[in-house]
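Worksheet for the structure shown next.
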Amino acid sequence: MAVFITDLAAFLPNAPVSNEQMEQILGMVNAVPSRTRAIILRNNRIRSRHYALHPETGLSTHSNAELTAEAVRRLRPYPGFSAADIECLCCGTASPDQLMPGHGPMVHGELGGKPCEVVSTAGICLSGMTAFKYAYMNVALGLSKNAVATGSELASTFMRAQLCSDVDPRKAAALEAQPILSFDADFLRWMLSDGAGAAYLSDTPAPEGLSLRIDWIEHLSFAHELETCMYAGAVKGANGRIKGWREHDSLHEAFDQGSFLIKQDTKLLNREIIRTAVERTLPRIIEKHALSAEDVQWFLPHYSSDYFRQDLHDRMKGIDFRIPQERWFTNLAEKGNTGAASIFIILEELFHSGRIQKGERLLCFIPESGRFSMCYMQLTAV
C-alpha cells in the first residue's frame, strides 16, 4: 500500500542563539572560555541554533517530551486535526528526559487524545528515521490508516557548564596547561542544538496541495566493522571498548570520568563517516533501486557540519553519482544540528516553501556516527 506524507511540522524553542551568545547561555566550563570554540564554529558554519534554556538563568524551558508534543500539535494534515486522531505514534530521540519509561509514551502523555499504538526508538541521528520507518510500515501494511513520526533532541542539557566542569580540584588547577575538556567533548558542545519535528503519514494523499509519496527507506549498520564513534553515558578506552556508567564504583566516579558528557571520536569520524556513507552504502542502494542522480531534483543531506559538505559531494561524484550542489537543500546554518530531528526540520522547511513541484523526486540522506549507520530515503511529490 502506498504511504504519503501529507504534512510536516517543526518546533524550535525560544529565540535563535547566535555564536556570540552561546557561552553566555551554556556557561563557561570552569569559568574559562573554550579554546576550541572558534575553530569548530568556523568549520561547521552554523550561525544560529536554538536551546531549550532560559537565556538569563540557564534553566530548562522545555522537556524533550514537551518539544516533541509541540511539533505534533503544529501538524495540519486536514482541518480540525487533533492528537485524538493519531492511530500510531512513533518517537525517536537520542536524548530522552529519563532512562525509563520510553520517550514515546511521555510524548503521548503530553499530547493527550485517546489510546493509540506508541513506539519509542533509540539511537542517535537515525532514531528519528527508525521511528519514521516503523510509522511507514505500519500504514503500508494496513495496520493503521495514519501514523505520526517524530524526531527530537534536547542536547543543551548535556552541554551546560555545570555538567562539563571538572569536579576534581586537581584537574581544575591544571587547566592552563591543557584544554578544559577533551576535544571530543568540546567539539559537540558547539555542534548540537535543540528542536523537534513531526510528520503525518497517511494511506491517501492530501485532496489538495502537496503530498510526498514514500518510495523506499534503506538503512544499514556497519557496527560489525567499526568501533563506537559517538556516545554518552560511557567512557571509551584506548582499546575502543565502551565502559558504561553503571560499571563504575559510584556515580561520583562515573561523573568524574566524564561518563555523562556527549563525546565523539573526531579522528574516527573524519576518517570513516563520508567514506562509509558513500562508498560502502550508496552503491548498494543505487543497484537495488536503479537509482540515478539525474532523476533526483532535490538532495536533502543531514550532515553535522559544513566541513563535510565538499567531501560528500566529491565522493558521490567519485562513484559517478554527482548531484550538483544547486540541487541540495539544508538549513544547518540557521537551524543548527538537531540530530534525530534534523531531517524532519529540513523537510518541513522545504515542504512548506512552495518550491517543490509535483513529479519531483527527493533523496534524503541521514548518517549516524554512533556505530556508523546510514540511511537514505526517496520521496516523490504528488
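In the C-alpha cells, each chain is lettered A, B, ... as it comes, each chain's residues begin at 1, and ligands are numbered from 1 in order of appearance.
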
Checklist entry - Looking only at the backbone, which of the residues in segment 164-332 of chain A does DSSP tag as strand (DSSP E or B), as a ChimeraX atom specification? => result /A:192,195-202,212-221,230-231,234-236,242-244,263-264,298-301,328

Since we have the selection now, will you write its residues out, keeping C-alpha atoms, as a PDB file, in the first residue's frame?
ATOM      1  CA  LEU A 192      24.403  20.382  18.777  1.00  0.00           C
ATOM      2  CA  GLY A 195      14.415  21.017  18.379  1.00  0.00           C
ATOM      3  CA  ALA A 196      11.679  18.637  17.255  1.00  0.00           C
ATOM      4  CA  GLY A 197       9.969  17.705  14.020  1.00  0.00           C
ATOM      5  CA  ALA A 198       6.897  15.660  13.147  1.00  0.00           C
ATOM      6  CA  ALA A 199       5.499  14.046  10.014  1.00  0.00           C
ATOM      7  CA  TYR A 200       1.918  12.914   9.370  1.00  0.00           C
ATOM      8  CA  LEU A 201       1.745   9.738   7.290  1.00  0.00           C
ATOM      9  CA  SER A 202      -1.468   8.624   5.583  1.00  0.00           C
ATOM     10  CA  LEU A 212       5.141  13.266  -0.678  1.00  0.00           C
ATOM     11  CA  ARG A 213       4.872   9.587  -1.566  1.00  0.00           C
ATOM     12  CA  ILE A 214       7.403   7.442   0.293  1.00  0.00           C
ATOM     13  CA  ASP A 215       9.089   5.328  -2.370  1.00  0.00           C
ATOM     14  CA  TRP A 216      11.572   3.496  -0.136  1.00  0.00           C
ATOM     15  CA  ILE A 217      13.686   3.783   3.023  1.00  0.00           C
ATOM     16  CA  GLU A 218      17.009   1.993   3.394  1.00  0.00           C
ATOM     17  CA  HIS A 219      19.328   1.977   6.362  1.00  0.00           C
ATOM     18  CA  LEU A 220      22.435  -0.077   7.041  1.00  0.00           C
ATOM     19  CA  SER A 221      24.645  -0.534  10.098  1.00  0.00           C
ATOM     20  CA  MET A 230      29.684   8.939  19.292  1.00  0.00           C
ATOM     21  CA  TYR A 231      28.463   8.073  22.768  1.00  0.00           C
ATOM     22  CA  ALA A 234      30.062   5.860  28.963  1.00  0.00           C
ATOM     23  CA  VAL A 235      33.780   6.327  28.505  1.00  0.00           C
ATOM     24  CA  LYS A 236      35.844   4.859  25.684  1.00  0.00           C
ATOM     25  CA  ILE A 242      32.942   1.267  25.831  1.00  0.00           C
ATOM     26  CA  LYS A 243      32.578   1.251  29.631  1.00  0.00           C
ATOM     27  CA  GLY A 244      29.041   2.135  30.671  1.00  0.00           C
ATOM     28  CA  LYS A 263      31.554  12.645  23.091  1.00  0.00           C
ATOM     29  CA  GLN A 264      32.653  11.905  19.568  1.00  0.00           C
ATOM     30  CA  TRP A 298      16.283  17.637  -4.506  1.00  0.00           C
ATOM     31  CA  PHE A 299      19.060  16.229  -2.327  1.00  0.00           C
ATOM     32  CA  LEU A 300      18.444  16.727   1.400  1.00  0.00           C
ATOM     33  CA  PRO A 301      21.585  15.798   3.343  1.00  0.00           C
ATOM     34  CA  TRP A 328      20.964  20.449  -2.396  1.00  0.00           C
TER      35      TRP A 328
END

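For Ala140 of chain A, the non-local neighbours within 10 Å, defined as residues at least 2 positions apart in the same chain or in other chains and counting only C-alpha atoms, are Met1, Ala2, Val3, Phe4, Tyr134, Ala135, Tyr136, Met137, Asn138, Gly142, Leu143, Ser144, Lys145, Asn146, Leu201, Ser202, Asp203 and Ile214 of chain A.
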
Next on the checklist: as a ChimeraX atom specification, please: every residue in segment 22-270 of chain A that a backbone DSSP assignment puts in helix (DSSP H, G or I).
Outcome noted: /A:22-26,29-31,37-44,64-73,83-85,103-111,127-140,156-159,161-164,169-172,175-177,183-189,245-247,251-256,266-270

Next on the checklist: Neighbouring residues of segment 53-65 of chain A were defined as those with any atom within 7 Å, considering only C-alpha atoms; residues of the same chain fewer than 2 positions away were excluded. Please report them as number ranges by chain.
Outcome noted: A: 25-26, 51, 67-69, 96-97, 103, 106-107, 110, 152-154

For the selection just defined, write its residues with all heavy atoms to a file, as a compact mmCIF listing (two decimals), in the first residue's frame.
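File written: out-v5.txt
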# COMPACT_ATOMS: atom_id res chain seq x y z
N ILE A 25 24.88 31.48 27.50
CA ILE A 25 23.74 30.66 27.89
C ILE A 25 24.17 29.31 28.44
O ILE A 25 23.68 28.87 29.49
CB ILE A 25 22.79 30.47 26.68
CG1 ILE A 25 22.22 31.83 26.26
CG2 ILE A 25 21.66 29.50 27.02
CD1 ILE A 25 21.38 31.79 25.00
N LEU A 26 25.11 28.64 27.78
CA LEU A 26 25.58 27.34 28.25
C LEU A 26 26.51 27.47 29.44
O LEU A 26 26.62 26.55 30.25
CB LEU A 26 26.31 26.59 27.12
CG LEU A 26 25.48 26.18 25.91
CD1 LEU A 26 26.37 25.50 24.89
CD2 LEU A 26 24.33 25.28 26.30
N TYR A 51 18.18 26.70 21.89
CA TYR A 51 18.35 25.96 23.13
C TYR A 51 17.07 26.06 23.96
O TYR A 51 16.48 27.14 24.06
CB TYR A 51 19.50 26.54 23.97
CG TYR A 51 20.87 26.39 23.36
CD1 TYR A 51 21.81 27.42 23.50
CD2 TYR A 51 21.25 25.25 22.65
CE1 TYR A 51 23.08 27.30 22.97
CE2 TYR A 51 22.51 25.13 22.11
CZ TYR A 51 23.42 26.16 22.26
OH TYR A 51 24.68 26.05 21.73
N LEU A 67 8.89 19.46 23.80
CA LEU A 67 9.32 19.90 22.47
C LEU A 67 8.61 19.07 21.39
O LEU A 67 8.08 19.60 20.41
CB LEU A 67 10.82 19.72 22.29
CG LEU A 67 11.78 20.61 23.09
CD1 LEU A 67 13.22 20.18 22.83
CD2 LEU A 67 11.61 22.08 22.70
N THR A 68 8.62 17.76 21.59
CA THR A 68 8.05 16.85 20.59
C THR A 68 6.54 17.02 20.48
O THR A 68 5.99 17.07 19.37
CB THR A 68 8.39 15.40 20.97
OG1 THR A 68 9.78 15.29 21.27
CG2 THR A 68 8.06 14.46 19.83
N ALA A 69 5.88 17.12 21.61
CA ALA A 69 4.43 17.29 21.59
C ALA A 69 4.04 18.58 20.88
O ALA A 69 3.05 18.62 20.13
CB ALA A 69 3.88 17.28 23.02
N PRO A 96 16.33 11.31 25.52
CA PRO A 96 15.07 11.28 26.26
C PRO A 96 15.24 11.95 27.62
O PRO A 96 16.36 12.11 28.12
CB PRO A 96 14.76 9.79 26.39
CG PRO A 96 16.09 9.12 26.31
CD PRO A 96 16.89 9.94 25.35
N ASP A 97 14.14 12.31 28.23
CA ASP A 97 14.19 13.02 29.51
C ASP A 97 14.57 12.11 30.67
O ASP A 97 15.01 12.60 31.71
CB ASP A 97 12.84 13.67 29.79
CG ASP A 97 12.47 14.71 28.74
OD1 ASP A 97 13.32 15.56 28.44
OD2 ASP A 97 11.34 14.65 28.21
N HIS A 103 10.50 7.32 25.53
CA HIS A 103 10.18 8.68 25.11
C HIS A 103 8.76 8.76 24.52
O HIS A 103 8.03 9.73 24.78
CB HIS A 103 11.22 9.13 24.08
CG HIS A 103 11.00 10.49 23.53
ND1 HIS A 103 10.88 11.62 24.32
CD2 HIS A 103 10.90 10.93 22.23
CE1 HIS A 103 10.73 12.68 23.55
NE2 HIS A 103 10.72 12.29 22.29
N MET A 106 5.87 9.22 26.93
CA MET A 106 5.93 10.53 27.56
C MET A 106 5.35 11.60 26.64
O MET A 106 4.67 12.53 27.08
CB MET A 106 7.36 10.87 27.95
CG MET A 106 8.00 9.87 28.91
SD MET A 106 7.05 9.63 30.43
CE MET A 106 7.36 11.19 31.27
N VAL A 107 5.63 11.47 25.33
CA VAL A 107 5.06 12.40 24.35
C VAL A 107 3.55 12.22 24.29
O VAL A 107 2.79 13.19 24.27
CB VAL A 107 5.69 12.19 22.96
CG1 VAL A 107 5.01 13.08 21.91
CG2 VAL A 107 7.19 12.47 23.00
N GLU A 110 1.92 13.96 27.09
CA GLU A 110 1.84 15.41 26.87
C GLU A 110 0.71 15.76 25.91
O GLU A 110 0.03 16.77 26.09
CB GLU A 110 3.17 15.93 26.33
CG GLU A 110 4.33 15.93 27.29
CD GLU A 110 4.17 16.98 28.38
OE1 GLU A 110 3.48 18.00 28.14
OE2 GLU A 110 4.72 16.78 29.47
N SER A 152 13.44 14.22 17.71
CA SER A 152 13.63 15.37 18.61
C SER A 152 14.94 15.24 19.35
O SER A 152 15.47 14.14 19.50
CB SER A 152 12.48 15.48 19.62
OG SER A 152 12.45 14.32 20.45
N GLU A 153 15.47 16.38 19.80
CA GLU A 153 16.67 16.38 20.64
C GLU A 153 16.60 17.49 21.68
O GLU A 153 16.11 18.60 21.40
CB GLU A 153 17.94 16.58 19.80
CG GLU A 153 18.23 15.47 18.81
CD GLU A 153 18.47 14.10 19.41
OE1 GLU A 153 18.49 13.97 20.65
OE2 GLU A 153 18.62 13.14 18.63
N LEU A 154 17.12 17.17 22.85
CA LEU A 154 17.32 18.15 23.93
C LEU A 154 18.79 18.06 24.33
O LEU A 154 19.13 17.61 25.42
CB LEU A 154 16.39 17.85 25.11
CG LEU A 154 16.39 18.87 26.25
CD1 LEU A 154 15.89 20.22 25.78
CD2 LEU A 154 15.53 18.36 27.40

Leaving out Leu347 of chain A and any residue of its chain fewer than 2 positions from it, which residues lie within 10 Å of it when counting only C-alpha atoms, given as a PDB file with N, CA, C and O atoms, in the first residue's frame?
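Generated file (selection39.pdb):
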ATOM      1  N   ASP A   7       1.707  16.187   5.744  1.00  0.00           N
ATOM      2  CA  ASP A   7       2.109  17.422   6.415  1.00  0.00           C
ATOM      3  C   ASP A   7       3.344  17.165   7.271  1.00  0.00           C
ATOM      4  O   ASP A   7       3.613  16.030   7.687  1.00  0.00           O
ATOM      5  N   LEU A   8       4.083  18.234   7.493  1.00  0.00           N
ATOM      6  CA  LEU A   8       5.263  18.222   8.356  1.00  0.00           C
ATOM      7  C   LEU A   8       5.221  19.462   9.232  1.00  0.00           C
ATOM      8  O   LEU A   8       4.715  20.512   8.818  1.00  0.00           O
ATOM      9  N   ALA A   9       5.753  19.338  10.438  1.00  0.00           N
ATOM     10  CA  ALA A   9       5.806  20.480  11.352  1.00  0.00           C
ATOM     11  C   ALA A   9       7.096  20.422  12.151  1.00  0.00           C
ATOM     12  O   ALA A   9       7.695  19.352  12.318  1.00  0.00           O
ATOM     13  N   ALA A  10       7.525  21.572  12.647  1.00  0.00           N
ATOM     14  CA  ALA A  10       8.742  21.659  13.454  1.00  0.00           C
ATOM     15  C   ALA A  10       8.521  22.625  14.600  1.00  0.00           C
ATOM     16  O   ALA A  10       7.704  23.547  14.506  1.00  0.00           O
ATOM     17  N   GLY A 197      10.723  17.703  15.264  1.00  0.00           N
ATOM     18  CA  GLY A 197       9.969  17.705  14.020  1.00  0.00           C
ATOM     19  C   GLY A 197       8.996  16.550  13.998  1.00  0.00           C
ATOM     20  O   GLY A 197       9.189  15.536  14.693  1.00  0.00           O
ATOM     21  N   ALA A 198       7.927  16.692  13.225  1.00  0.00           N
ATOM     22  CA  ALA A 198       6.897  15.660  13.147  1.00  0.00           C
ATOM     23  C   ALA A 198       6.396  15.535  11.718  1.00  0.00           C
ATOM     24  O   ALA A 198       6.338  16.529  10.977  1.00  0.00           O
ATOM     25  N   ALA A 199       6.052  14.316  11.340  1.00  0.00           N
ATOM     26  CA  ALA A 199       5.499  14.046  10.014  1.00  0.00           C
ATOM     27  C   ALA A 199       4.210  13.249  10.161  1.00  0.00           C
ATOM     28  O   ALA A 199       4.144  12.304  10.972  1.00  0.00           O
ATOM     29  N   LEU A 300      18.575  16.178   0.045  1.00  0.00           N
ATOM     30  CA  LEU A 300      18.444  16.727   1.400  1.00  0.00           C
ATOM     31  C   LEU A 300      19.407  15.983   2.325  1.00  0.00           C
ATOM     32  O   LEU A 300      19.059  14.938   2.890  1.00  0.00           O
ATOM     33  N   PHE A 329      19.520  20.918  -0.500  1.00  0.00           N
ATOM     34  CA  PHE A 329      18.781  21.789   0.412  1.00  0.00           C
ATOM     35  C   PHE A 329      19.132  21.429   1.850  1.00  0.00           C
ATOM     36  O   PHE A 329      18.994  20.278   2.269  1.00  0.00           O
ATOM     37  N   THR A 330      19.590  22.412   2.605  1.00  0.00           N
ATOM     38  CA  THR A 330      19.886  22.236   4.016  1.00  0.00           C
ATOM     39  C   THR A 330      19.607  23.548   4.743  1.00  0.00           C
ATOM     40  O   THR A 330      19.674  24.613   4.128  1.00  0.00           O
ATOM     41  N   ASN A 331      19.287  23.469   6.012  1.00  0.00           N
ATOM     42  CA  ASN A 331      19.115  24.678   6.827  1.00  0.00           C
ATOM     43  C   ASN A 331      20.008  24.626   8.072  1.00  0.00           C
ATOM     44  O   ASN A 331      19.692  25.228   9.093  1.00  0.00           O
ATOM     45  N   SER A 342      16.790  16.584  12.722  1.00  0.00           N
ATOM     46  CA  SER A 342      17.294  17.396  11.604  1.00  0.00           C
ATOM     47  C   SER A 342      16.574  17.135  10.296  1.00  0.00           C
ATOM     48  O   SER A 342      16.164  18.071   9.607  1.00  0.00           O
ATOM     49  N   ILE A 343      16.416  15.860   9.901  1.00  0.00           N
ATOM     50  CA  ILE A 343      15.808  15.599   8.594  1.00  0.00           C
ATOM     51  C   ILE A 343      14.346  16.036   8.579  1.00  0.00           C
ATOM     52  O   ILE A 343      13.831  16.505   7.558  1.00  0.00           O
ATOM     53  N   PHE A 344      13.647  15.939   9.712  1.00  0.00           N
ATOM     54  CA  PHE A 344      12.266  16.435   9.799  1.00  0.00           C
ATOM     55  C   PHE A 344      12.238  17.957   9.618  1.00  0.00           C
ATOM     56  O   PHE A 344      11.367  18.488   8.921  1.00  0.00           O
ATOM     57  N   ILE A 345      13.179  18.649  10.244  1.00  0.00           N
ATOM     58  CA  ILE A 345      13.216  20.112  10.190  1.00  0.00           C
ATOM     59  C   ILE A 345      13.634  20.590   8.797  1.00  0.00           C
ATOM     60  O   ILE A 345      13.118  21.595   8.287  1.00  0.00           O
ATOM     61  N   GLU A 349      10.800  22.633   6.222  1.00  0.00           N
ATOM     62  CA  GLU A 349      11.017  23.934   5.605  1.00  0.00           C
ATOM     63  C   GLU A 349      10.838  23.869   4.095  1.00  0.00           C
ATOM     64  O   GLU A 349      10.184  24.736   3.494  1.00  0.00           O
ATOM     65  N   LEU A 350      11.397  22.844   3.471  1.00  0.00           N
ATOM     66  CA  LEU A 350      11.267  22.725   2.021  1.00  0.00           C
ATOM     67  C   LEU A 350       9.825  22.424   1.616  1.00  0.00           C
ATOM     68  O   LEU A 350       9.310  22.979   0.640  1.00  0.00           O
ATOM     69  N   PHE A 351       9.144  21.561   2.382  1.00  0.00           N
ATOM     70  CA  PHE A 351       7.766  21.175   2.074  1.00  0.00           C
ATOM     71  C   PHE A 351       6.845  22.383   2.025  1.00  0.00           C
ATOM     72  O   PHE A 351       5.966  22.485   1.167  1.00  0.00           O
ATOM     73  N   HIS A 352       7.046  23.332   2.948  1.00  0.00           N
ATOM     74  CA  HIS A 352       6.171  24.499   3.035  1.00  0.00           C
ATOM     75  C   HIS A 352       6.718  25.704   2.264  1.00  0.00           C
ATOM     76  O   HIS A 352       6.133  26.795   2.352  1.00  0.00           O
ATOM     77  N   SER A 353       7.791  25.522   1.522  1.00  0.00           N
ATOM     78  CA  SER A 353       8.419  26.648   0.819  1.00  0.00           C
ATOM     79  C   SER A 353       7.750  26.991  -0.509  1.00  0.00           C
ATOM     80  O   SER A 353       7.966  28.071  -1.056  1.00  0.00           O
ATOM     81  N   LEU A 362      12.821  13.506  -4.268  1.00  0.00           N
ATOM     82  CA  LEU A 362      13.677  14.000  -3.193  1.00  0.00           C
ATOM     83  C   LEU A 362      14.464  12.821  -2.630  1.00  0.00           C
ATOM     84  O   LEU A 362      13.886  11.778  -2.294  1.00  0.00           O
ATOM     85  N   CYS A 364      16.761  11.852   0.500  1.00  0.00           N
ATOM     86  CA  CYS A 364      17.189  12.270   1.835  1.00  0.00           C
ATOM     87  C   CYS A 364      18.346  11.390   2.298  1.00  0.00           C
ATOM     88  O   CYS A 364      18.328  10.165   2.090  1.00  0.00           O
TER      89      CYS A 364
END

Item to check | Nearest-residue call for Met159 of chain A, choices A:Tyr376, A:Phe222, A:Trp190, A:Phe11, using only C-alpha atoms | outcome: A:Trp190

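The list of residues with at least one atom within 9 Å of Gly370 of chain A, based on only C-alpha atoms and without residues fewer than 6 positions apart in the same chain, reads Gly123, Ile124, Cys125, Ala223, Glu227, Thr228, Cys229, Met230, Tyr231 and Gln264 of chain A.
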
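Comparing A:Gln325, A:Gln310, A:Thr266, A:Ser156 by their smallest distance to Ser193 of chain A, the closest is A:Ser156 (using only C-alpha atoms).
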
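Shell of Ala333 of chain A at 12 Å, with only C-alpha atoms counted and residues fewer than 6 places along the chain excluded, is Pro16, Val17, Ser18, Asn19, Leu41, Arg42, Asn43, Asn44, Arg45, Ile46, Arg47, Ser48, Arg49, His50, Met191, Leu192, Ser193, His302, Tyr303, Ser304, Ser305, Asp306, Tyr307, Ser342 and Ile346 of chain A.
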
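Considering only C-alpha atoms, the residue among A:Ile5, A:Leu251, A:Leu163, A:Ala277 positioned nearest to Pro77 of chain A is A:Ile5.
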
Item to check | Gap from atom CA of Arg284 of chain A to atom CA of Thr380 of chain A - Å, one decimal | outcome: 20.5 Å

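Interatomic distance, atom CA of Ala155 of chain A against atom CA of Glu272 of chain A: 23.7 Å.
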
Next on the checklist: One decimal, in Å: what's the spacing between atom CA of Asp249 of chain A and atom CA of Leu226 of chain A?
Outcome noted: 28.6 Å

Checklist outcome for this item: Counting only C-alpha atoms, closest pick from A:Leu282, A:Ala232, A:Val148, A:Ile323 relative to Asp295 of chain A is A:Ile323
